[in-house]
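Accompanying notes for the structure given below.
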Amino acid sequence: AALPGNNAIVVLDTDLTPELEAEGLARDLVRYVQQLRQEKGLNIADRIRLQLDLPDDVKPRIEPHLAWVASQVLASDVVDGTGLANVKPLGPAKVGFDLEVVAPA
């Protein structure tokens with residue numbers, strides 16, 4: 001599309017790459033965890049231990065982003081879990097997750 005004055009053109013690439021889709025999954029996961037933090041009444045600065053039950057088809061896509069996820073939700077530790085209380089859709093599957101507050105060091 002041309003900008004007013006026809007002095008520039010903007011081109012958008014709307015193709016979704018696997019990398020962009022994986023980043024979107026990580027962002028969805030952050031949103032779910034932040035929502036759970038709010039529901040549990042956590043303080044904005046509370047550190048947590050995040051437990052995740054990631055399906056086999058989603059796990060390799062999320063793992064490269066786990067450090068970023070942890071930083072966004074203030075998780076000092078991210079561990080595998082099973083039978084977790086919170087389950088939400090994440091891409092083509094469902095992810096289980098839960099958290100607990102970690103005592104300050």
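Identifiers in this document derive from the order of the structure tokens: chains are assigned A, B, ..., residues are numbered from 1 separately in each chain, and ligands are numbered from 1 in order of occurrence.
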| request: Can you pull out every residue within 6 Å of Gly96 (chain A), counting only C-alpha atoms, but drop anything in the same chain fewer than 6 positions away, and send it as a ChimeraX atom specification? | output: /A:52-53,84,86-87
| request: Write out as number ranges by chain the residues lying within 12 Å of Arg61 (chain A), counting only C-alpha atoms and excluding same-chain residues fewer than 6 positions away. | output: A: 18-26, 54-55, 90-92
Test item: residues at most 12 Å from Ala75 (chain A), only C-alpha atoms, excluding those fewer than 3 positions along its chain, as a CSV table (one decimal) with C-alpha atoms, in the first residue's frame:
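The file below, part_19.csv, is the result:
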chain,number,residue,atom,x,y,z
A,30,VAL,CA,2.4,-16.6,29.2
A,33,VAL,CA,0.0,-18.3,33.5
A,34,GLN,CA,-0.4,-14.6,34.1
A,37,ARG,CA,-1.3,-15.6,38.9
A,45,ALA,CA,6.7,-9.5,42.4
A,46,ASP,CA,6.0,-13.0,43.7
A,47,ARG,CA,8.4,-15.6,42.2
A,48,ILE,CA,6.8,-18.9,41.2
A,49,ARG,CA,7.7,-22.5,40.3
A,50,LEU,CA,5.9,-23.3,37.1
A,51,GLN,CA,4.8,-26.8,36.3
A,52,LEU,CA,4.0,-27.7,32.7
A,66,LEU,CA,10.9,-21.5,28.0
A,67,ALA,CA,13.5,-19.1,29.3
A,68,TRP,CA,11.5,-16.2,27.9
A,69,VAL,CA,8.3,-17.6,29.3
A,70,ALA,CA,9.9,-18.0,32.7
A,71,SER,CA,11.2,-14.4,32.7
A,72,GLN,CA,7.7,-13.1,31.7
A,78,VAL,CA,10.1,-24.6,35.2
A,79,VAL,CA,9.5,-28.3,35.7
A,98,ASP,CA,0.1,-25.0,37.7
A,99,LEU,CA,2.2,-22.8,39.8
A,100,GLU,CA,3.3,-22.4,43.4
A,101,VAL,CA,4.9,-19.4,45.1
A,102,VAL,CA,8.6,-19.7,45.9
A,103,ALA,CA,9.8,-18.3,49.2
| With only C-alpha atoms as the atoms that count, which of A:Pro104, A:Pro89, A:Gly41, A:Gly83 lies nearest to Leu29 (chain A)? | A:Pro89
| What is the distance, in Å and to one decimal place, between CA of Val10 (chain A) and CA of Arg27 (chain A)? | 26.4 Å
| request: Grab the CA of Asp57 (chain A) to CA of Leu16 (chain A) distance for me, in Å with one decimal place. | output: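 So the answer is 18.0 Å.
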| field | Point-to-point distance in Å for CA of Leu12 (chain A) and CA of Arg31 (chain A) | value | 26.1 Å
| query | Just asking: which residues within chain A are alpha helix (DSSP H) according to DSSP, as JSON, numbers by chain? | reply | {"A": [18, 19, 20, 21, 22, 23, 24, 25, 26, 27, 28, 29, 30, 31, 32, 33, 34, 35, 36, 37, 38, 39, 59, 60, 61, 62, 66, 67, 68, 69, 70, 71, 72, 73]}
| DSSP strand (DSSP E or B) residues within region 8-98 of chain A, listed as a list in words | Ile9, Ile48, Arg49, Leu50, Gln51, Leu52, Asp53, Ala75, Ser76, Asp77, Val78, Val79, Asp80, Asn86, Val87, Lys88, Pro89, Leu90, Ala93, Lys94, Val95, Gly96, Phe97 and Asp98 of chain A
Would you put the residues from that selection into a file with C-alpha atoms, as a PDB file, in the first residue's frame?
ATOM      1  CA  ILE A   9       5.405   1.822   0.041  1.00  0.00           C
ATOM      2  CA  ILE A  48       6.849 -18.913  41.188  1.00  0.00           C
ATOM      3  CA  ARG A  49       7.716 -22.486  40.344  1.00  0.00           C
ATOM      4  CA  LEU A  50       5.920 -23.285  37.091  1.00  0.00           C
ATOM      5  CA  GLN A  51       4.813 -26.833  36.339  1.00  0.00           C
ATOM      6  CA  LEU A  52       3.978 -27.720  32.747  1.00  0.00           C
ATOM      7  CA  ASP A  53       2.489 -30.784  31.100  1.00  0.00           C
ATOM      8  CA  ALA A  75       9.276 -18.319  37.308  1.00  0.00           C
ATOM      9  CA  SER A  76      12.518 -19.222  39.048  1.00  0.00           C
ATOM     10  CA  ASP A  77      11.999 -22.827  37.975  1.00  0.00           C
ATOM     11  CA  VAL A  78      10.061 -24.576  35.191  1.00  0.00           C
ATOM     12  CA  VAL A  79       9.494 -28.302  35.703  1.00  0.00           C
ATOM     13  CA  ASP A  80       7.551 -31.126  34.103  1.00  0.00           C
ATOM     14  CA  ASN A  86      -5.305 -26.080  34.842  1.00  0.00           C
ATOM     15  CA  VAL A  87      -5.742 -27.164  31.238  1.00  0.00           C
ATOM     16  CA  LYS A  88      -6.025 -24.790  28.283  1.00  0.00           C
ATOM     17  CA  PRO A  89      -5.816 -25.145  24.503  1.00  0.00           C
ATOM     18  CA  LEU A  90      -2.373 -24.463  23.088  1.00  0.00           C
ATOM     19  CA  ALA A  93      -3.389 -29.667  21.726  1.00  0.00           C
ATOM     20  CA  LYS A  94      -4.003 -28.852  25.381  1.00  0.00           C
ATOM     21  CA  VAL A  95      -1.406 -27.852  27.952  1.00  0.00           C
ATOM     22  CA  GLY A  96      -1.617 -28.551  31.665  1.00  0.00           C
ATOM     23  CA  PHE A  97      -0.025 -26.079  34.048  1.00  0.00           C
ATOM     24  CA  ASP A  98       0.099 -25.021  37.671  1.00  0.00           C
TER      25      ASP A  98
END
